[in-house]
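Printed here is run.txt (compact mmCIF, C-alpha atoms and all ligand atoms):
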```
# COMPACT_ATOMS: atom_id res chain seq x y z
CA MET A 1 0.00 0.00 0.00
CA SER A 2 1.45 3.40 -0.94
CA ALA A 3 1.37 6.45 1.33
CA PRO A 4 -1.24 9.12 0.58
CA PRO A 5 0.07 12.16 -1.32
CA PRO A 6 1.60 14.75 1.01
CA THR A 7 -0.50 17.74 1.95
CA SER A 8 0.62 21.04 3.40
CA GLY A 9 -1.29 23.47 5.55
CA GLY A 10 -4.30 21.16 5.65
CA GLU A 11 -4.81 21.45 1.90
CA PRO A 12 -6.70 18.66 0.17
CA ALA A 13 -4.46 16.22 -1.70
CA TRP A 14 -6.21 16.93 -5.02
CA LEU A 15 -5.12 20.59 -4.94
CA HIS A 16 -1.73 19.58 -6.34
CA PRO A 17 -2.67 16.54 -8.39
CA GLN A 18 -0.19 14.30 -10.11
CA PRO A 19 -0.70 12.72 -13.51
CA HIS A 20 -2.45 9.43 -12.88
CA GLU A 21 -4.52 6.78 -14.52
CA PRO A 22 -8.03 8.24 -14.37
CA ASN A 23 -10.49 6.33 -12.24
CA PRO A 24 -12.64 4.38 -14.66
CA ALA A 25 -15.86 4.53 -12.67
CA PRO A 26 -17.61 6.74 -10.11
CA SER A 27 -18.12 5.51 -6.56
CA ASN A 28 -21.92 5.85 -6.82
CA PRO A 29 -24.52 6.06 -9.60
CA ASP A 30 -26.25 9.33 -8.58
CA PRO A 31 -25.21 12.53 -10.44
CA THR A 32 -26.85 14.82 -7.82
CA PHE A 33 -24.38 17.21 -6.20
CA THR A 34 -24.33 19.65 -3.30
CA LEU A 35 -23.56 23.36 -3.41
CA THR A 36 -22.31 24.66 -0.07
CA ARG A 37 -22.06 28.42 0.36
CA SER A 38 -19.48 30.21 2.47
CA ASP A 39 -22.12 30.81 5.17
CA GLY A 40 -22.59 27.04 5.49
CA THR A 41 -26.00 26.83 3.80
CA SER A 42 -26.26 24.14 1.18
CA THR A 43 -28.50 23.16 -1.70
CA THR A 44 -28.85 19.86 -3.52
CA ILE A 45 -28.73 20.21 -7.32
CA THR A 46 -29.94 17.55 -9.75
CA VAL A 47 -29.42 17.12 -13.48
CA ALA A 48 -33.09 18.21 -13.91
CA ASP A 49 -32.30 21.43 -12.01
CA LEU A 50 -29.38 22.08 -14.39
CA ALA A 51 -31.68 21.52 -17.39
CA ARG A 52 -33.87 24.42 -16.22
CA LEU A 53 -30.96 26.89 -16.33
CA PRO A 54 -29.53 28.62 -19.43
CA GLN A 55 -27.56 26.15 -21.55
CA GLN A 56 -24.26 26.95 -23.19
CA SER A 57 -22.07 25.08 -25.71
CA VAL A 58 -18.30 25.03 -25.68
CA PRO A 59 -16.89 23.55 -28.90
CA ASP A 60 -13.39 22.24 -29.59
CA CYS A 61 -12.64 20.87 -26.14
CA THR A 62 -9.82 18.36 -26.00
CA ILE A 63 -9.13 16.03 -23.06
CA ILE A 64 -5.35 15.84 -23.04
CA SER A 65 -3.97 13.04 -20.98
CA THR A 66 -0.29 12.62 -20.30
CA GLY A 67 -0.57 8.84 -19.89
CA HIS A 68 -3.10 7.59 -22.43
CA GLY A 69 -3.37 10.02 -25.30
CA THR A 70 -5.70 12.79 -26.32
CA SER A 71 -9.41 12.54 -27.02
CA GLY A 72 -11.71 14.97 -28.78
CA PRO A 73 -12.25 17.59 -29.90
CA PHE A 74 -15.66 17.47 -28.25
CA ARG A 75 -18.49 19.96 -27.95
CA PHE A 76 -19.70 20.01 -24.37
CA ASP A 77 -23.05 21.49 -23.37
CA GLY A 78 -24.26 22.42 -19.95
CA VAL A 79 -24.52 25.27 -17.48
CA THR A 80 -21.67 27.69 -16.95
CA LEU A 81 -20.28 27.81 -13.43
CA ARG A 82 -21.00 31.52 -13.51
CA ASP A 83 -24.71 31.02 -14.36
CA LEU A 84 -25.03 28.27 -11.76
CA LEU A 85 -23.66 30.46 -8.98
CA ASN A 86 -25.85 33.37 -10.07
CA ALA A 87 -28.94 31.14 -10.12
CA TYR A 88 -28.21 29.84 -6.62
CA ALA A 89 -27.57 33.29 -5.14
CA VAL A 90 -23.82 32.98 -4.65
CA THR A 91 -22.68 36.57 -4.86
CA ALA A 92 -19.68 37.10 -2.61
CA TRP A 93 -17.02 34.49 -3.29
CA ALA A 94 -13.27 34.19 -3.89
CA TYR A 95 -12.87 30.59 -5.05
CA ALA A 96 -14.84 27.41 -5.46
CA ASP A 97 -13.62 23.87 -4.78
CA LEU A 98 -15.27 21.29 -7.02
CA VAL A 99 -14.80 17.80 -5.63
CA SER A 100 -15.81 14.52 -7.24
CA ALA A 101 -17.40 11.37 -5.90
CA ASP A 102 -14.00 9.61 -6.12
CA GLY A 103 -12.15 12.29 -4.17
CA PHE A 104 -10.65 14.16 -7.11
CA GLY A 105 -11.14 17.89 -7.52
CA THR A 106 -10.03 21.31 -8.65
CA ARG A 107 -10.10 24.86 -7.32
CA VAL A 108 -11.56 27.62 -9.51
CA GLN A 109 -10.71 31.20 -8.66
CA ARG A 110 -13.44 33.79 -9.16
CA ASP A 111 -11.29 35.94 -11.45
CA GLU A 112 -10.61 32.85 -13.54
CA VAL A 113 -14.36 32.60 -14.21
CA GLU A 114 -14.43 36.22 -15.29
CA ARG A 115 -11.33 35.94 -17.51
CA SER A 116 -12.56 32.79 -19.27
CA ALA A 117 -15.97 34.17 -20.31
CA ALA A 118 -15.41 33.45 -24.02
CA ARG A 119 -14.85 29.73 -23.34
CA PRO A 120 -16.59 29.42 -20.02
CA ILE A 121 -16.07 26.85 -17.32
CA LEU A 122 -18.99 24.45 -17.68
CA LEU A 123 -20.90 21.89 -15.66
CA ALA A 124 -21.40 19.64 -18.65
CA THR A 125 -24.37 17.33 -19.05
CA SER A 126 -23.92 16.42 -22.71
CA CYS A 127 -21.15 15.80 -25.20
CA ASP A 128 -21.49 16.12 -28.98
CA GLY A 129 -25.27 16.34 -28.62
CA GLU A 130 -25.67 13.18 -26.53
CA PRO A 131 -26.43 13.18 -22.81
CA LEU A 132 -23.34 12.23 -20.81
CA THR A 133 -23.68 8.92 -19.06
CA ARG A 134 -22.65 8.61 -15.43
CA ALA A 135 -19.70 6.49 -16.59
CA GLN A 136 -18.60 9.31 -18.91
CA GLY A 137 -18.54 11.74 -16.01
CA LEU A 138 -22.05 13.16 -15.49
CA VAL A 139 -21.94 15.91 -14.13
CA ARG A 140 -18.54 16.78 -15.55
CA LEU A 141 -16.62 19.99 -14.99
CA ILE A 142 -15.05 21.29 -18.19
CA VAL A 143 -12.30 23.89 -17.83
CA PRO A 144 -11.68 24.80 -21.50
CA HIS A 145 -8.48 26.77 -20.83
CA GLU A 146 -6.82 23.75 -19.18
CA THR A 147 -4.98 22.17 -22.12
CA GLU A 148 -2.12 20.36 -20.44
CA ASP A 149 -3.02 17.20 -18.54
CA ALA A 150 -6.82 16.97 -17.99
CA LEU A 151 -6.32 17.27 -14.24
CA ARG A 152 -9.08 19.90 -14.00
CA GLN A 153 -11.61 18.06 -16.18
CA VAL A 154 -13.35 16.66 -13.12
CA LYS A 155 -15.79 13.83 -13.70
CA TRP A 156 -18.65 13.05 -11.25
CA VAL A 157 -18.79 16.42 -9.47
CA ALA A 158 -20.28 15.70 -6.04
CA GLU A 159 -19.68 18.92 -4.14
CA ILE A 160 -19.14 22.57 -4.93
CA GLN A 161 -17.77 24.39 -1.90
CA ILE A 162 -17.81 28.17 -2.10
CA HIS A 163 -15.18 30.17 -0.21
N1 LIG B 1 -13.38 12.39 -10.88
C1 LIG B 1 -12.30 12.21 -11.64
N2 LIG B 1 -12.12 13.04 -12.68
C2 LIG B 1 -11.02 12.90 -13.46
C3 LIG B 1 -10.05 11.90 -13.16
C4 LIG B 1 -10.29 11.04 -12.06
O1 LIG B 1 -9.51 10.11 -11.74
N3 LIG B 1 -11.43 11.22 -11.32
N4 LIG B 1 -8.93 11.80 -13.92
C5 LIG B 1 -8.56 12.94 -14.79
C6 LIG B 1 -7.60 12.53 -15.80
S1 LIG B 1 -6.01 12.26 -15.26
C7 LIG B 1 -7.93 12.37 -17.12
S2 LIG B 1 -6.77 12.02 -18.29
C8 LIG B 1 -9.33 12.55 -17.58
C9 LIG B 1 -9.78 11.37 -18.41
O2 LIG B 1 -11.01 11.66 -18.96
P1 LIG B 1 -11.81 10.60 -19.83
O3 LIG B 1 -12.09 9.42 -18.94
O4 LIG B 1 -13.01 11.31 -20.31
O5 LIG B 1 -10.89 10.23 -20.96
O6 LIG B 1 -10.23 12.70 -16.48
C10 LIG B 1 -9.79 13.57 -15.47
N5 LIG B 1 -10.87 13.72 -14.51
MO MO B 2 -4.76 11.84 -17.13
```
In C-alpha cells, what does this structure look like?
Amino acid sequence: MSAPPPTSGGEPAWLHPQPHEPNPAPSNPDPTFTLTRSDGTSTTITVADLARLPQQSVPDCTIISTGHGTSGPFRFDGVTLRDLLNAYAVTAWAYADLVSADGFGTRVQRDEVERSAARPILLATSCDGEPLTRAQGLVRLIVPHETEDALRQVKWVAEIQIH
C-alpha cells in the first residue's frame, strides 16, 4: 500500500494533483451534487435542475492526458459555473472547490471565471449532442483553458464548496 500524497497546511491532496490513470468509474450512480455556500447553507442540485438553467455550448474541447493520449475535440453542453452560482444566489465568493465522488477535484478562482468568459467553465451534461452517461462523467466539470493534462476536467462532481 502506498502512502497518501503529502499535503501542506491542511490542503486537500487533489489541490496539487499528479498525472495518474483516471479512475474508470464513479463511486456511486447518482449525479446529484451539493452546493455549499461560504455561510454554510447548502442546496442539492440535480441534473433536472441544471436543465432548467440557461444552456451553453463550448466547442473544440480536448481532453489531453499525459498517460493515455488525447481525445476529442468534443463539444460540451451544460450550465456555466457563472450562471449556476448566479442562479443559486452565490454573490460574494473568492474561489470554489469542485470535488468529485471519487475524491478528485479542482479549485476555480473567481477571477478565472471572469477571464474565461469566451470559453466558459462548464458543468457539462452532454457531449457532442448526446447526454453524458454517469460512466462518462455526469456531471462533468469542463475547464476549457486547461490544455495540459486533464487534471481539471473533473468527472462526477459531487460537491461545490464556495469560499
Ligand atoms: N473524478 C475524476 N475526474 C477525473 C479523473 C479522475 O480520476 N477522477 N482523472 C482525470 C484525468 S487524469 C484524465 S486524463 C481525464 C480522463 O477523462 P476521460 O475518462 O473522459 O478520458 O479525467 C480527469 N478527470
Ligand atoms: Mo490523465
Go through chain A residue by residue and, counting only C-alpha atoms and all ligand atoms, keep those with an atom at most 9 Å from ligand MO 2 (chain B); for each kept residue give the shortest atom pair and its distance in Å to one decimal, ordered by chain and increasing number, as JSON lines.
```
{"residue": "A:Gln18", "atom": "CA", "partner": "B:MO2", "partner_atom": "MO", "distance": 8.7}
{"residue": "A:Pro19", "atom": "CA", "partner": "B:MO2", "partner_atom": "MO", "distance": 5.5}
{"residue": "A:His20", "atom": "CA", "partner": "B:MO2", "partner_atom": "MO", "distance": 5.4}
{"residue": "A:Glu21", "atom": "CA", "partner": "B:MO2", "partner_atom": "MO", "distance": 5.7}
{"residue": "A:Pro22", "atom": "CA", "partner": "B:MO2", "partner_atom": "MO", "distance": 5.6}
{"residue": "A:Ile63", "atom": "CA", "partner": "B:MO2", "partner_atom": "MO", "distance": 8.5}
{"residue": "A:Ile64", "atom": "CA", "partner": "B:MO2", "partner_atom": "MO", "distance": 7.2}
{"residue": "A:Ser65", "atom": "CA", "partner": "B:MO2", "partner_atom": "MO", "distance": 4.1}
{"residue": "A:Thr66", "atom": "CA", "partner": "B:MO2", "partner_atom": "MO", "distance": 5.5}
{"residue": "A:Gly67", "atom": "CA", "partner": "B:MO2", "partner_atom": "MO", "distance": 5.8}
{"residue": "A:His68", "atom": "CA", "partner": "B:MO2", "partner_atom": "MO", "distance": 7.0}
{"residue": "A:Gly69", "atom": "CA", "partner": "B:MO2", "partner_atom": "MO", "distance": 8.5}
{"residue": "A:Asp149", "atom": "CA", "partner": "B:MO2", "partner_atom": "MO", "distance": 5.8}
{"residue": "A:Ala150", "atom": "CA", "partner": "B:MO2", "partner_atom": "MO", "distance": 5.6}
{"residue": "A:Leu151", "atom": "CA", "partner": "B:MO2", "partner_atom": "MO", "distance": 6.3}
```
Would you write out, as JSON lines, a table of all residues in stretch 11-99 of chain A that have an atom no more than 10 Å from an atom of stretch 126-139 of chain A, listing for each the closest atom pair and the distance in Å to one decimal, considering all atoms listed in the file and ordering rows by chain and rising residue number?
```
{"residue": "A:Pro24", "atom": "CA", "partner": "A:Ala135", "partner_atom": "CA", "distance": 7.6}
{"residue": "A:Ala25", "atom": "CA", "partner": "A:Ala135", "partner_atom": "CA", "distance": 5.8}
{"residue": "A:Pro26", "atom": "CA", "partner": "A:Ala135", "partner_atom": "CA", "distance": 6.8}
{"residue": "A:Asn28", "atom": "CA", "partner": "A:Arg134", "partner_atom": "CA", "distance": 9.1}
{"residue": "A:Pro29", "atom": "CA", "partner": "A:Arg134", "partner_atom": "CA", "distance": 6.6}
{"residue": "A:Asp30", "atom": "CA", "partner": "A:Arg134", "partner_atom": "CA", "distance": 7.8}
{"residue": "A:Pro31", "atom": "CA", "partner": "A:Val139", "partner_atom": "CA", "distance": 6.0}
{"residue": "A:Thr32", "atom": "CA", "partner": "A:Val139", "partner_atom": "CA", "distance": 8.1}
{"residue": "A:Phe33", "atom": "CA", "partner": "A:Val139", "partner_atom": "CA", "distance": 8.4}
{"residue": "A:Thr46", "atom": "CA", "partner": "A:Val139", "partner_atom": "CA", "distance": 9.3}
{"residue": "A:Val47", "atom": "CA", "partner": "A:Val139", "partner_atom": "CA", "distance": 7.6}
{"residue": "A:Leu50", "atom": "CA", "partner": "A:Val139", "partner_atom": "CA", "distance": 9.7}
{"residue": "A:Ser57", "atom": "CA", "partner": "A:Cys127", "partner_atom": "CA", "distance": 9.3}
{"residue": "A:Val58", "atom": "CA", "partner": "A:Cys127", "partner_atom": "CA", "distance": 9.7}
{"residue": "A:Pro59", "atom": "CA", "partner": "A:Asp128", "partner_atom": "CA", "distance": 8.7}
{"residue": "A:Cys61", "atom": "CA", "partner": "A:Cys127", "partner_atom": "CA", "distance": 10.0}
{"residue": "A:Gly72", "atom": "CA", "partner": "A:Asp128", "partner_atom": "CA", "distance": 9.8}
{"residue": "A:Pro73", "atom": "CA", "partner": "A:Asp128", "partner_atom": "CA", "distance": 9.4}
{"residue": "A:Phe74", "atom": "CA", "partner": "A:Asp128", "partner_atom": "CA", "distance": 6.0}
{"residue": "A:Arg75", "atom": "CA", "partner": "A:Asp128", "partner_atom": "CA", "distance": 5.0}
{"residue": "A:Phe76", "atom": "CA", "partner": "A:Cys127", "partner_atom": "CA", "distance": 4.5}
{"residue": "A:Asp77", "atom": "CA", "partner": "A:Ser126", "partner_atom": "CA", "distance": 5.2}
{"residue": "A:Gly78", "atom": "CA", "partner": "A:Ser126", "partner_atom": "CA", "distance": 6.6}
```
Quick one: write out the picked residues with C-alpha atoms as an mmCIF file, in the coordinates of the input?
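Output file part-v1.cif follows:
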```cif
data_model
loop_
_atom_site.group_PDB
_atom_site.id
_atom_site.type_symbol
_atom_site.label_atom_id
_atom_site.label_comp_id
_atom_site.auth_asym_id
_atom_site.auth_seq_id
_atom_site.Cartn_x
_atom_site.Cartn_y
_atom_site.Cartn_z
ATOM 1 C CA PRO A 24 -12.640 4.380 -14.660
ATOM 2 C CA ALA A 25 -15.860 4.530 -12.670
ATOM 3 C CA PRO A 26 -17.610 6.740 -10.110
ATOM 4 C CA ASN A 28 -21.920 5.850 -6.820
ATOM 5 C CA PRO A 29 -24.520 6.060 -9.600
ATOM 6 C CA ASP A 30 -26.250 9.330 -8.580
ATOM 7 C CA PRO A 31 -25.210 12.530 -10.440
ATOM 8 C CA THR A 32 -26.850 14.820 -7.820
ATOM 9 C CA PHE A 33 -24.380 17.210 -6.200
ATOM 10 C CA THR A 46 -29.940 17.550 -9.750
ATOM 11 C CA VAL A 47 -29.420 17.120 -13.480
ATOM 12 C CA LEU A 50 -29.380 22.080 -14.390
ATOM 13 C CA SER A 57 -22.070 25.080 -25.710
ATOM 14 C CA VAL A 58 -18.300 25.030 -25.680
ATOM 15 C CA PRO A 59 -16.890 23.550 -28.900
ATOM 16 C CA CYS A 61 -12.640 20.870 -26.140
ATOM 17 C CA GLY A 72 -11.710 14.970 -28.780
ATOM 18 C CA PRO A 73 -12.250 17.590 -29.900
ATOM 19 C CA PHE A 74 -15.660 17.470 -28.250
ATOM 20 C CA ARG A 75 -18.490 19.960 -27.950
ATOM 21 C CA PHE A 76 -19.700 20.010 -24.370
ATOM 22 C CA ASP A 77 -23.050 21.490 -23.370
ATOM 23 C CA GLY A 78 -24.260 22.420 -19.950
#
```
Checklist entry - So what do you get for atom CA of A:Ser27 versus atom CA of A:Asp102, distance-wise? => result 5.8 Å
Could you give me the centre and size, in Å to one decimal, of an axis-aligned box around all listed atoms of stretch 107-126 of chain A with 3 Å added on every side, as AutoDock Vina command-line options?
```
--center_x -17.2 --center_y 26.3 --center_z -15.7 --size_x 20.3 --size_y 25.8 --size_z 22.7
```
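Among the candidates A:Glu159, A:Glu148, A:Glu114, A:Glu11, the one nearest to A:Ile45 when counting all atoms listed in the file is A:Glu159.
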Next on the checklist: Which residue is closest to A:Ser42? Choose from A:Thr62, A:Gln161, A:Gln153, A:Ser116 and count only C-alpha atoms.
Outcome noted: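 So, comparing all the options, the nearest one is A:Gln161.
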Item to check | Shell around A:Arg37 at 8 Å using only C-alpha atoms, local window under 2 positions removed, as a list in words | outcome: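 Non-adjacent residues within range: Leu35, Asp39, Gly40, Thr41, Ser42, Val90, Gln161, Ile162 and His163 of chain A.
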